[in-house]
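Text of upload02.tsv, listed as TSV, C-alpha atoms:
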```
chain	number	residue	atom	x	y	z
Q	497	MET	CA	-13.40	-22.76	1.75
Q	498	LYS	CA	-14.47	-26.37	2.08
Q	499	PRO	CA	-12.74	-28.53	4.71
Q	500	SER	CA	-11.48	-31.93	3.68
Q	501	SER	CA	-10.02	-34.73	5.69
Q	502	GLY	CA	-6.48	-33.97	6.83
Q	503	ARG	CA	-4.02	-36.68	7.84
Q	504	PRO	CA	-2.26	-36.18	11.18
Q	505	ALA	CA	1.47	-36.76	11.50
Q	506	ALA	CA	1.39	-38.09	15.06
Q	507	PRO	CA	4.97	-39.44	15.28
Q	508	ALA	CA	6.35	-35.98	14.42
Q	509	ARG	CA	4.19	-34.22	17.04
Q	510	LEU	CA	2.86	-32.12	14.17
Q	511	VAL	CA	-0.62	-31.94	12.66
Q	512	ILE	CA	-1.36	-30.98	9.06
Q	513	GLU	CA	-4.98	-30.09	8.31
Q	514	SER	CA	-5.96	-29.58	4.68
Q	515	SER	CA	-8.75	-27.53	3.13
Q	516	VAL	CA	-9.56	-26.54	-0.44
Q	517	VAL	CA	-9.69	-22.84	-1.27
Q	518	GLU	CA	-12.08	-22.22	-4.15
Q	519	GLY	CA	-12.95	-19.13	-6.12
Q	520	LEU	CA	-9.74	-18.79	-8.11
Q	521	PRO	CA	-10.15	-18.21	-11.88
Q	522	ALA	CA	-7.99	-20.99	-13.23
Q	523	GLU	CA	-7.28	-23.28	-10.30
Q	524	GLY	CA	-7.93	-23.75	-6.64
Q	525	ALA	CA	-5.48	-24.11	-3.80
Q	526	LEU	CA	-4.97	-26.82	-1.21
Q	527	LEU	CA	-4.28	-25.01	2.04
Q	528	LEU	CA	-2.24	-27.06	4.52
Q	529	ARG	CA	-2.44	-25.62	8.02
Q	530	MET	CA	0.23	-26.91	10.37
Q	531	SER	CA	0.27	-26.80	14.14
Q	532	GLY	CA	2.64	-28.29	16.66
Q	533	SER	CA	6.41	-28.56	16.85
Q	534	LEU	CA	9.15	-30.15	14.81
Q	535	ASP	CA	12.75	-30.99	15.57
Q	536	ALA	CA	15.48	-32.72	13.62
Q	537	HIS	CA	14.24	-36.18	14.67
Q	538	GLY	CA	10.75	-35.57	13.30
Q	539	ALA	CA	11.77	-33.81	10.09
Q	540	GLU	CA	11.87	-37.00	8.00
Q	541	LEU	CA	8.44	-38.13	9.19
Q	542	TRP	CA	7.01	-34.67	8.57
Q	543	SER	CA	8.53	-34.60	5.09
Q	544	GLU	CA	6.83	-37.91	4.27
Q	545	GLU	CA	3.50	-36.66	5.62
Q	546	LEU	CA	3.82	-33.42	3.63
Q	547	ARG	CA	4.59	-35.31	0.42
Q	548	GLY	CA	1.33	-37.22	0.83
Q	549	HIS	CA	-0.64	-33.98	0.96
Q	550	LEU	CA	1.28	-32.55	-1.98
Q	551	GLN	CA	0.50	-35.63	-4.05
Q	552	GLN	CA	-3.16	-35.10	-3.17
Q	553	ALA	CA	-2.89	-31.51	-4.41
Q	554	ASP	CA	-1.20	-32.60	-7.65
Q	555	ARG	CA	-3.84	-35.24	-8.38
Q	556	ALA	CA	-6.60	-32.69	-7.84
Q	557	GLY	CA	-4.87	-29.99	-9.89
Q	558	LEU	CA	-4.56	-27.68	-6.86
Q	559	ARG	CA	-1.78	-25.32	-5.88
Q	560	PRO	CA	-0.26	-26.31	-2.50
Q	561	VAL	CA	-0.14	-23.53	0.10
Q	562	LEU	CA	1.54	-24.27	3.42
Q	563	ASP	CA	0.46	-22.13	6.41
Q	564	MET	CA	3.22	-22.30	9.03
Q	565	ALA	CA	2.04	-19.56	11.39
Q	566	HIS	CA	1.46	-21.91	14.34
Q	567	VAL	CA	4.50	-24.14	14.04
Q	568	GLN	CA	7.59	-24.14	16.24
Q	569	LEU	CA	10.37	-25.22	13.91
Q	570	GLY	CA	14.10	-25.57	14.04
Q	571	GLY	CA	15.63	-23.81	11.03
Q	572	ALA	CA	17.90	-26.70	10.08
Q	573	ALA	CA	15.14	-29.27	10.47
Q	574	VAL	CA	12.65	-27.46	8.26
Q	575	LEU	CA	15.35	-26.68	5.71
Q	576	ARG	CA	16.20	-30.38	5.31
Q	577	ALA	CA	12.53	-31.32	5.10
Q	578	LEU	CA	11.69	-28.65	2.54
Q	579	SER	CA	14.79	-29.39	0.51
Q	580	GLU	CA	13.91	-33.08	0.29
Q	581	THR	CA	10.23	-32.38	-0.41
Q	582	THR	CA	10.84	-29.86	-3.18
Q	583	ARG	CA	13.62	-31.93	-4.77
Q	584	THR	CA	11.10	-34.64	-5.59
Q	585	ARG	CA	8.61	-32.09	-6.99
Q	586	ALA	CA	10.60	-31.06	-10.04
Q	587	GLY	CA	8.17	-29.89	-12.73
Q	588	ARG	CA	5.29	-29.54	-10.26
Q	589	PRO	CA	3.66	-26.30	-9.05
Q	590	ASP	CA	5.76	-24.43	-6.52
Q	591	LEU	CA	5.23	-25.00	-2.82
Q	592	ILE	CA	3.91	-21.73	-1.42
Q	593	ILE	CA	4.60	-20.94	2.24
Q	594	VAL	CA	2.66	-18.26	4.09
Q	595	ARG	CA	3.04	-16.71	7.55
Q	596	ALA	CA	6.29	-18.52	8.27
Q	597	ARG	CA	8.24	-17.55	11.37
Q	598	PRO	CA	11.51	-15.61	10.99
Q	599	GLY	CA	13.72	-18.70	11.45
Q	600	VAL	CA	11.99	-20.50	8.59
Q	601	ARG	CA	12.06	-17.43	6.32
Q	602	GLU	CA	15.75	-16.96	6.97
Q	603	ALA	CA	16.58	-20.62	6.27
Q	604	VAL	CA	14.65	-20.67	2.99
Q	605	HIS	CA	15.99	-17.29	1.90
Q	606	LEU	CA	19.63	-18.20	2.53
Q	607	ALA	CA	19.34	-21.70	1.05
Q	608	ARG	CA	17.71	-20.31	-2.12
Q	609	LEU	CA	15.45	-23.34	-2.38
Q	610	THR	CA	13.97	-23.66	-5.84
Q	611	GLY	CA	10.30	-24.52	-5.85
Q	612	VAL	CA	9.53	-22.66	-2.60
Q	613	ARG	CA	7.84	-19.27	-2.57
Q	614	LEU	CA	7.43	-17.18	0.58
Q	615	TYR	CA	4.55	-14.80	1.29
Q	616	ALA	CA	3.82	-12.85	4.44
Q	617	THR	CA	0.07	-13.53	4.41
Q	618	LEU	CA	-2.43	-15.94	2.89
Q	619	ASP	CA	-4.24	-13.04	1.19
Q	620	GLU	CA	-1.12	-12.10	-0.75
Q	621	ALA	CA	-0.53	-15.67	-1.86
Q	622	LEU	CA	-4.14	-16.10	-3.01
Q	623	ARG	CA	-4.09	-12.80	-4.90
Q	624	GLU	CA	-1.06	-14.01	-6.85
Q	625	LEU	CA	-2.73	-17.36	-7.54
Q	626	ALA	CA	-5.85	-15.56	-8.72
Q	627	ARG	CA	-3.77	-13.74	-11.33
Q	628	ALA	CA	-2.20	-16.93	-12.60
Q	629	THR	CA	-3.47	-18.75	-15.67
Q	630	SER	CA	-3.89	-22.49	-15.95
Q	631	ARG	CA	-0.22	-22.90	-16.85
Q	632	VAL	CA	2.31	-22.64	-14.05
Q	633	GLU	CA	3.86	-19.17	-13.94
Q	634	GLU	CA	6.70	-18.00	-11.75
Q	635	LEU	CA	5.38	-16.12	-8.74
Q	636	PRO	CA	7.33	-13.38	-7.00
Q	637	ALA	CA	9.54	-14.76	-4.26
Q	638	TRP	CA	8.20	-12.31	-1.69
Q	639	ARG	CA	5.17	-10.08	-1.98
Q	640	SER	CA	5.10	-8.85	1.57
Q	641	GLN	CA	5.27	-5.23	2.65
Q	642	ILE	CA	8.32	-6.36	4.63
Q	643	ALA	CA	11.35	-5.01	2.79
Q	644	ASP	CA	13.85	-7.57	4.10
Q	645	PRO	CA	12.31	-11.02	4.67
Q	646	VAL	CA	15.44	-12.21	6.49
Q	647	ARG	CA	15.65	-9.51	9.16
Q	648	PRO	CA	12.54	-7.34	9.12
Q	649	SER	CA	12.82	-3.99	10.86
Q	650	TYR	CA	10.35	-2.61	13.39
Q	651	GLU	CA	9.01	-0.38	10.61
Q	652	ASP	CA	8.41	-3.45	8.43
Q	653	LEU	CA	6.51	-5.16	11.22
Q	654	TYR	CA	4.44	-2.04	11.90
Q	655	GLN	CA	3.46	-1.95	8.22
Q	656	GLU	CA	2.48	-5.61	8.30
Q	657	VAL	CA	0.30	-5.14	11.38
Q	658	ARG	CA	-1.34	-2.06	9.86
Q	659	ALA	CA	-2.15	-3.97	6.68
Q	660	LEU	CA	-3.71	-6.78	8.70
Q	661	ARG	CA	-5.82	-4.35	10.73
Q	662	ALA	CA	-7.02	-2.64	7.58
Q	663	ARG	CA	-8.05	-5.99	6.09
Q	664	VAL	CA	-9.88	-6.92	9.28
Q	665	ARG	CA	-11.92	-3.71	9.01
Q	666	THR	CA	-12.71	-4.30	5.32
Q	667	ALA	CA	-13.57	-8.00	5.50
Q	668	PRO	CA	-17.07	-7.60	7.05
Q	669	VAL	CA	-18.12	-5.16	4.32
Q	670	ILE	CA	-16.88	-7.54	1.63
Q	671	GLY	CA	-18.91	-10.29	3.28
Q	672	MET	CA	-22.02	-8.10	3.32
Q	673	ALA	CA	-21.60	-7.28	-0.38
Q	674	GLN	CA	-21.17	-10.95	-1.22
Q	675	GLY	CA	-24.37	-11.75	0.67
Q	676	VAL	CA	-26.26	-8.98	-1.15
Q	677	LEU	CA	-25.21	-10.31	-4.56
Q	678	MET	CA	-25.93	-13.94	-3.65
Q	679	ALA	CA	-29.45	-13.08	-2.46
Q	680	ARG	CA	-30.20	-10.63	-5.28
Q	681	TYR	CA	-28.92	-12.68	-8.23
Q	682	GLY	CA	-29.07	-16.25	-6.94
Q	683	LEU	CA	-25.30	-16.80	-7.03
Q	684	PRO	CA	-24.26	-20.27	-5.85
Q	685	ASP	CA	-21.66	-19.21	-3.28
Q	686	SER	CA	-19.58	-16.37	-1.90
Q	687	GLY	CA	-16.69	-17.27	-4.20
Q	688	ALA	CA	-18.77	-16.51	-7.27
Q	689	ALA	CA	-19.84	-13.19	-5.75
Q	690	PHE	CA	-16.27	-12.27	-4.95
Q	691	ARG	CA	-15.08	-13.04	-8.48
Q	692	VAL	CA	-17.68	-10.70	-9.97
Q	693	LEU	CA	-16.79	-7.95	-7.50
Q	694	ARG	CA	-13.09	-8.36	-8.20
Q	695	ASP	CA	-13.60	-8.31	-11.96
Q	696	ALA	CA	-15.66	-5.11	-11.82
Q	697	SER	CA	-13.09	-3.55	-9.51
Q	698	GLN	CA	-10.28	-4.29	-11.94
Q	699	ARG	CA	-12.22	-3.33	-15.08
Q	700	PHE	CA	-13.13	0.13	-13.76
Q	701	ASN	CA	-10.04	0.63	-11.60
Q	702	VAL	CA	-12.19	1.10	-8.52
Q	703	PRO	CA	-10.70	-0.15	-5.22
Q	704	LEU	CA	-12.51	-3.25	-4.03
Q	705	ARG	CA	-13.33	-1.77	-0.62
Q	706	VAL	CA	-14.93	1.24	-2.33
Q	707	LEU	CA	-16.97	-0.95	-4.68
Q	708	VAL	CA	-18.26	-3.31	-1.98
Q	709	SER	CA	-19.25	-0.37	0.21
Q	710	ALA	CA	-21.28	1.05	-2.69
Q	711	VAL	CA	-22.98	-2.31	-3.27
Q	712	VAL	CA	-24.00	-2.42	0.39
Q	713	VAL	CA	-25.41	1.12	0.66
Q	714	ALA	CA	-26.91	1.68	-2.83
Q	715	ARG	CA	-30.62	1.12	-3.26
Q	716	ALA	CA	-31.48	-2.15	-4.97
Q	717	PRO	CA	-32.02	-2.02	-8.75
Q	718	ALA	CA	-35.66	-2.16	-9.84
Q	719	GLY	CA	-35.15	-3.15	-13.47
Q	720	GLU	CA	-32.60	-3.89	-16.15
Q	721	VAL	CA	-30.85	-0.59	-15.44
Q	722	TRP	CA	-29.71	0.06	-11.90
Q	723	PHE	CA	-29.80	3.85	-12.18
Q	724	PRO	CA	-32.33	4.75	-14.92
Q	725	GLY	CA	-32.12	8.17	-16.50
Q	726	ARG	CA	-28.53	8.72	-15.50
Q	727	ARG	CA	-26.52	10.80	-17.98
Q	728	PRO	CA	-22.77	11.29	-18.33
Q	729	LEU	CA	-21.55	14.12	-16.14
Q	730	PRO	CA	-18.90	16.62	-17.19
Q	731	VAL	CA	-15.78	16.76	-15.07
Q	732	PRO	CA	-16.23	19.62	-12.57
Q	733	GLN	CA	-14.24	22.81	-12.90
Q	734	LEU	CA	-11.41	22.33	-10.42
Q	735	ARG	CA	-9.27	25.25	-9.34
Q	736	ILE	CA	-6.38	23.62	-7.48
Q	737	LEU	CA	-6.61	19.93	-8.44
Q	738	ALA	CA	-6.78	20.80	-12.14
Q	739	HIS	CA	-3.02	21.40	-12.22
Q	740	GLY	CA	-0.61	18.77	-13.49
Q	741	GLY	CA	-2.77	17.07	-16.12
Q	742	ARG	CA	-4.28	14.62	-13.64
Q	743	ASP	CA	-6.92	12.17	-14.84
Q	744	PRO	CA	-9.98	12.45	-12.55
Q	745	ARG	CA	-10.95	8.83	-13.30
Q	746	TYR	CA	-7.92	7.58	-11.37
Q	747	ARG	CA	-8.89	7.74	-7.73
Q	748	ARG	CA	-5.51	7.17	-6.13
Q	749	GLN	CA	-3.85	9.75	-8.37
Q	750	MET	CA	-6.38	12.38	-7.34
Q	751	ILE	CA	-6.22	11.56	-3.63
Q	752	ASP	CA	-2.43	11.76	-3.68
Q	753	ALA	CA	-2.78	15.13	-5.41
Q	754	VAL	CA	-5.10	16.34	-2.64
Q	755	LEU	CA	-2.48	15.52	-0.01
Q	756	HIS	CA	0.37	16.98	-2.08
Q	757	GLU	CA	-1.47	20.28	-2.46
Q	758	ALA	CA	-2.44	20.38	1.23
Q	759	LEU	CA	1.14	19.83	2.36
Q	760	ALA	CA	2.33	22.57	0.03
Q	761	ILE	CA	-0.34	25.04	1.20
Q	762	GLY	CA	0.26	24.41	4.88
Q	763	ARG	CA	4.02	23.97	4.55
Q	764	ALA	CA	3.55	20.89	6.69
Q	765	PRO	CA	5.99	17.97	6.92
Q	766	ALA	CA	3.27	15.38	7.44
Q	767	GLY	CA	-0.38	14.78	6.73
Q	768	TYR	CA	-3.03	12.36	5.58
Q	769	VAL	CA	-6.38	12.16	3.83
Q	770	GLN	CA	-9.40	10.21	5.08
Q	771	PHE	CA	-12.73	9.62	3.36
Q	772	VAL	CA	-15.96	8.46	4.96
Q	773	ASP	CA	-16.84	4.84	4.19
Q	774	PRO	CA	-20.67	4.95	3.96
Q	775	ALA	CA	-21.06	1.25	4.75
Q	776	VAL	CA	-19.59	1.68	8.23
Q	777	ASN	CA	-20.04	5.46	8.59
Q	778	ALA	CA	-16.41	5.94	9.61
Q	779	LEU	CA	-13.35	7.75	8.36
Q	780	THR	CA	-10.95	5.51	6.44
Q	781	LEU	CA	-7.31	6.34	5.79
Q	782	GLU	CA	-6.71	6.86	2.07
Q	783	THR	CA	-3.15	8.20	1.81
Q	784	HIS	CA	-0.48	9.70	4.06
Q	785	HIS	CA	2.96	11.28	3.99
Q	786	GLY	CA	5.56	11.83	6.69
Q	787	CYS	CA	3.47	10.30	9.47
Q	788	ALA	CA	5.26	8.25	12.11
Q	789	GLU	CA	4.20	4.69	12.87
Q	790	PRO	CA	2.33	5.46	16.14
Q	791	VAL	CA	0.16	7.98	14.31
Q	792	LEU	CA	-0.61	5.60	11.44
Q	793	ASP	CA	-1.30	2.77	13.86
Q	794	HIS	CA	-3.82	4.96	15.70
Q	795	LEU	CA	-5.51	5.93	12.42
Q	796	VAL	CA	-5.84	2.34	11.23
Q	797	ARG	CA	-7.35	1.33	14.55
Q	798	GLY	CA	-10.22	3.64	13.62
Q	799	ARG	CA	-10.71	5.44	16.91
Q	800	GLY	CA	-13.56	7.79	16.09
Q	801	GLU	CA	-13.68	10.08	19.12
Q	802	GLY	CA	-11.29	12.47	20.76
Q	803	THR	CA	-9.47	13.45	17.58
Q	804	ALA	CA	-9.24	16.62	15.52
Q	805	ASP	CA	-10.46	14.59	12.51
Q	806	ALA	CA	-13.65	13.59	14.32
Q	807	ALA	CA	-14.19	17.14	15.54
Q	808	ALA	CA	-13.80	18.58	12.03
Q	809	ARG	CA	-16.24	16.00	10.69
Q	810	THR	CA	-18.82	16.66	13.40
Q	811	ARG	CA	-18.54	20.44	13.40
Q	812	GLY	CA	-18.23	20.82	9.64
Q	813	ARG	CA	-15.44	23.37	9.94
Q	814	GLN	CA	-11.66	23.50	10.22
Q	815	VAL	CA	-10.20	22.50	13.59
Q	816	SER	CA	-6.76	23.55	14.83
Q	817	VAL	CA	-4.83	21.99	17.70
Q	818	PRO	CA	-1.81	24.26	18.21
Q	819	ASP	CA	-0.51	22.28	21.19
Q	820	VAL	CA	-1.13	18.53	21.14
Q	821	ALA	CA	0.31	18.10	24.63
Q	822	THR	CA	-2.28	20.30	26.35
Q	823	ASP	CA	-5.35	20.66	24.14
Q	824	PRO	CA	-8.44	19.16	25.88
Q	825	LEU	CA	-10.02	18.26	22.53
Q	826	LEU	CA	-7.81	15.19	22.19
Q	827	ALA	CA	-8.41	11.89	23.94
Q	828	ASP	CA	-5.48	10.47	25.87
Q	829	ASP	CA	-4.78	7.62	23.43
Q	830	CYS	CA	-4.80	10.04	20.50
Q	831	ARG	CA	-2.50	12.47	22.33
Q	832	ARG	CA	-0.03	9.69	23.18
Q	833	ALA	CA	0.07	8.49	19.57
Q	834	LEU	CA	0.64	12.00	18.22
Q	835	LEU	CA	3.37	12.86	20.71
Q	836	ALA	CA	5.08	9.53	20.09
Q	837	GLY	CA	5.04	10.40	16.39
Q	838	ASP	CA	6.54	13.86	17.04
Q	839	ALA	CA	3.33	15.66	16.01
Q	840	ARG	CA	3.07	18.74	18.22
Q	841	ALA	CA	0.45	20.73	16.31
Q	842	LEU	CA	-2.22	19.73	13.81
Q	843	HIS	CA	-5.00	21.08	11.64
Q	844	SER	CA	-7.97	19.19	10.18
Q	845	VAL	CA	-10.10	20.37	7.24
Q	846	PRO	CA	-13.49	18.76	6.52
Q	847	VAL	CA	-14.48	17.89	2.96
Q	848	LEU	CA	-18.14	18.88	2.75
Q	849	SER	CA	-20.62	17.79	0.10
Q	850	SER	CA	-23.00	20.23	-1.60
Q	851	ALA	CA	-25.62	19.12	0.93
Q	852	GLY	CA	-23.32	19.96	3.83
Q	853	SER	CA	-22.45	16.44	4.94
Q	854	CYS	CA	-18.81	15.56	5.64
Q	855	THR	CA	-17.35	13.09	3.14
Q	856	GLY	CA	-13.74	13.27	4.27
Q	857	VAL	CA	-11.06	15.08	6.25
Q	858	ILE	CA	-7.64	16.45	5.25
Q	859	SER	CA	-5.21	16.66	8.18
Q	860	LEU	CA	-1.78	18.28	8.53
Q	861	HIS	CA	0.84	17.84	11.27
Q	862	TRP	CA	3.75	20.01	12.40
Q	863	THR	CA	6.61	19.14	14.72
Q	864	ASP	CA	6.59	22.50	16.53
Q	865	ALA	CA	3.92	23.38	19.08
Q	866	GLY	CA	2.04	26.62	18.59
Q	867	HIS	CA	1.71	26.27	14.83
Q	868	ARG	CA	-1.60	27.46	13.43
Q	869	PRO	CA	-2.39	28.10	9.73
Q	870	THR	CA	-2.73	31.73	8.72
Q	871	ALA	CA	-6.04	33.04	7.45
Q	872	ALA	CA	-4.74	32.87	3.89
Q	873	HIS	CA	-3.63	29.26	4.36
Q	874	ALA	CA	-6.98	28.31	5.91
Q	875	GLU	CA	-8.78	29.90	2.95
Q	876	ALA	CA	-6.60	27.99	0.48
Q	877	LEU	CA	-7.23	24.74	2.37
Q	878	ALA	CA	-10.97	25.41	2.24
Q	879	LEU	CA	-10.71	25.88	-1.52
Q	880	LEU	CA	-8.79	22.60	-1.80
Q	881	ALA	CA	-11.49	20.84	0.25
Q	882	ALA	CA	-14.17	22.25	-2.08
Q	883	ASP	CA	-12.21	20.92	-5.09
Q	884	THR	CA	-11.90	17.55	-3.38
Q	885	SER	CA	-15.64	17.44	-2.68
Q	886	ALA	CA	-16.53	18.34	-6.27
Q	887	TRP	CA	-14.19	15.70	-7.69
Q	888	LEU	CA	-15.31	13.01	-5.22
Q	889	SER	CA	-18.97	13.64	-6.01
Q	890	TRP	CA	-18.27	13.38	-9.75
Q	891	TYR	CA	-16.24	10.20	-9.24
Q	892	HIS	CA	-19.01	8.54	-7.24
Q	893	ARG	CA	-21.73	9.55	-9.71
Q	894	SER	CA	-19.68	8.62	-12.78
Q	895	VAL	CA	-16.93	6.03	-12.39
Q	896	LEU	CA	-18.37	4.23	-9.36
Q	897	LEU	CA	-21.92	4.08	-10.74
Q	898	ASP	CA	-20.54	2.85	-14.07
Q	899	ALA	CA	-18.95	-0.05	-12.18
Q	900	LEU	CA	-22.21	-0.81	-10.38
Q	901	GLU	CA	-24.18	-0.71	-13.65
Q	902	HIS	CA	-21.71	-3.13	-15.24
Q	903	LEU	CA	-21.99	-5.42	-12.23
Q	904	HIS	CA	-25.79	-5.41	-12.41
Q	905	ARG	CA	-25.95	-6.02	-16.17
Q	906	ALA	CA	-23.50	-8.92	-15.99
Q	907	LEU	CA	-25.24	-10.64	-13.09
Q	908	ALA	CA	-28.80	-10.00	-14.34
Q	909	HIS	CA	-27.91	-11.42	-17.74
Q	910	ALA	CA	-26.30	-14.50	-16.18
Q	911	ALA	CA	-29.34	-15.07	-13.97
Q	912	ARG	CA	-31.75	-15.35	-16.91
```

Now that the file is in, can you turn its structure into structure tokens?
Amino acid sequence: MKPSSGRPAAPARLVIESSVVEGLPAEGALLLRMSGSLDAHGAELWSEELRGHLQQADRAGLRPVLDMAHVQLGGAAVLRALSETTRTRAGRPDLIIVRARPGVREAVHLARLTGVRLYATLDEALRELARATSRVEELPAWRSQIADPVRPSYEDLYQEVRALRARVRTAPVIGMAQGVLMARYGLPDSGAAFRVLRDASQRFNVPLRVLVSAVVVARAPAGEVWFPGRRPLPVPQLRILAHGGRDPRYRRQMIDAVLHEALAIGRAPAGYVQFVDPAVNALTLETHHGCAEPVLDHLVRGRGEGTADAAARTRGRQVSVPDVATDPLLADDCRRALLAGDARALHSVPVLSSAGSCTGVISLHWTDAGHRPTAAHAEALALLAADTSAWLSWYHRSVLLDALEHLHRALAHAAR
């Protein structure tokens, strides 16, 4: 992101700072960050100031993105300003607004302003712009996890916060992967590195966070082939996960199947699956079902100690907590989160590699204290964990390494 000179709107007690966001495939974006306050008296002056920035974006062929997270606005004032601004932009790219406060979202939503698109976060807006071609295409009016942009519920807000926390945890690894590629292949900037990572992620249907973690931890290639001598591996013989005609190349489909089978075996109302991210050596939430918001919030925070998940990972065996309220294994913050989420008993199953290292944990929750899986259930869960380990190893050595090989070939060829 390269800063450019922004023009202050002093009479309106509002400042608009502009910066160009690069790295998009067909076009860039002019990000307009606003700070300050606006009332009805200043709306006209602000509208004039905003039009100047929008004209700058149009001349440069940039998509305008307005960040209103730090603005105190009256709903009527902003509605009049936006209505006037967008009326004069007929035929121009839509004005995209991100991180607007509830009053602004409600005003825009109810007024049905044409030419204004609302997004909860900048990341969501940029992802949509990255998918656009050079011609102007209609973007979705709201791509947030919030179900109702007018009156979001507490659950909606919890989901939004969780998504932000997850992105905060992933961002440093993405940055490390970008730095690795820039140094290794002489890429001009982080935007070029990100584009290559994103393209490989989409081509091989590998989540970006999984791909960047592999780039960071894999040994550097020593020649034209990153992993010389590698041969295609047959899909492992799975005993539980083989049901249902699932395609082992599709990571999310298989992980969801792991959780589905675990819930069925344990007759549990809630559970989740975590895998170890090798770049940060920590468990990362992959999928969940039936878990209350306090539990999910605790998981996304990434607290690594004082949990049954951490104990199962460290000990390399199944860990039961039949009474969450009294078991000394749990740390106080974990206990509070579980009890607030009506989880009274839990069971965690480690996913162990052939070498004995833990690559993930499957966890189940019950609402009644005293619940402990039977020996038969524990045996079935161990079998499911073995299936999960075999599939995950195959996926990493096949699909993920294919993506890395493609990445290396493309960048090495471009560097010649």

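Atom pair atom CA of Q:Ile761 / atom CA of Q:Leu860 has a distance of 10.1 Å (rounded to one decimal).
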
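Comparing the minimum interatomic distances between Q:Cys787 and each of Q:Arg595, Q:Arg727, Q:His861, Q:Arg742, counting all atoms listed in the file, we find that Q:His861 sits nearest.
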
**OP:** Check the smallest atom-to-atom distance from each of Q:Leu704, Q:Ile512, Q:Met678, Q:Met530 to Q:His549 using all atoms listed in the file, then report the winner.
**Re:** Q:Ile512

**OP:** Select, from Q:Gly856, Q:Leu755, Q:Gln814, Q:His794, the residue with the minimum atom-to-atom distance to Q:Val772, counting all atoms listed in the file.
**Re:** Q:Gly856

Original post:
Which distance in Å separates atom CA of Q:Asp883 and atom CA of Q:Asn701, to one decimal?
Top reply: 21.4 Å
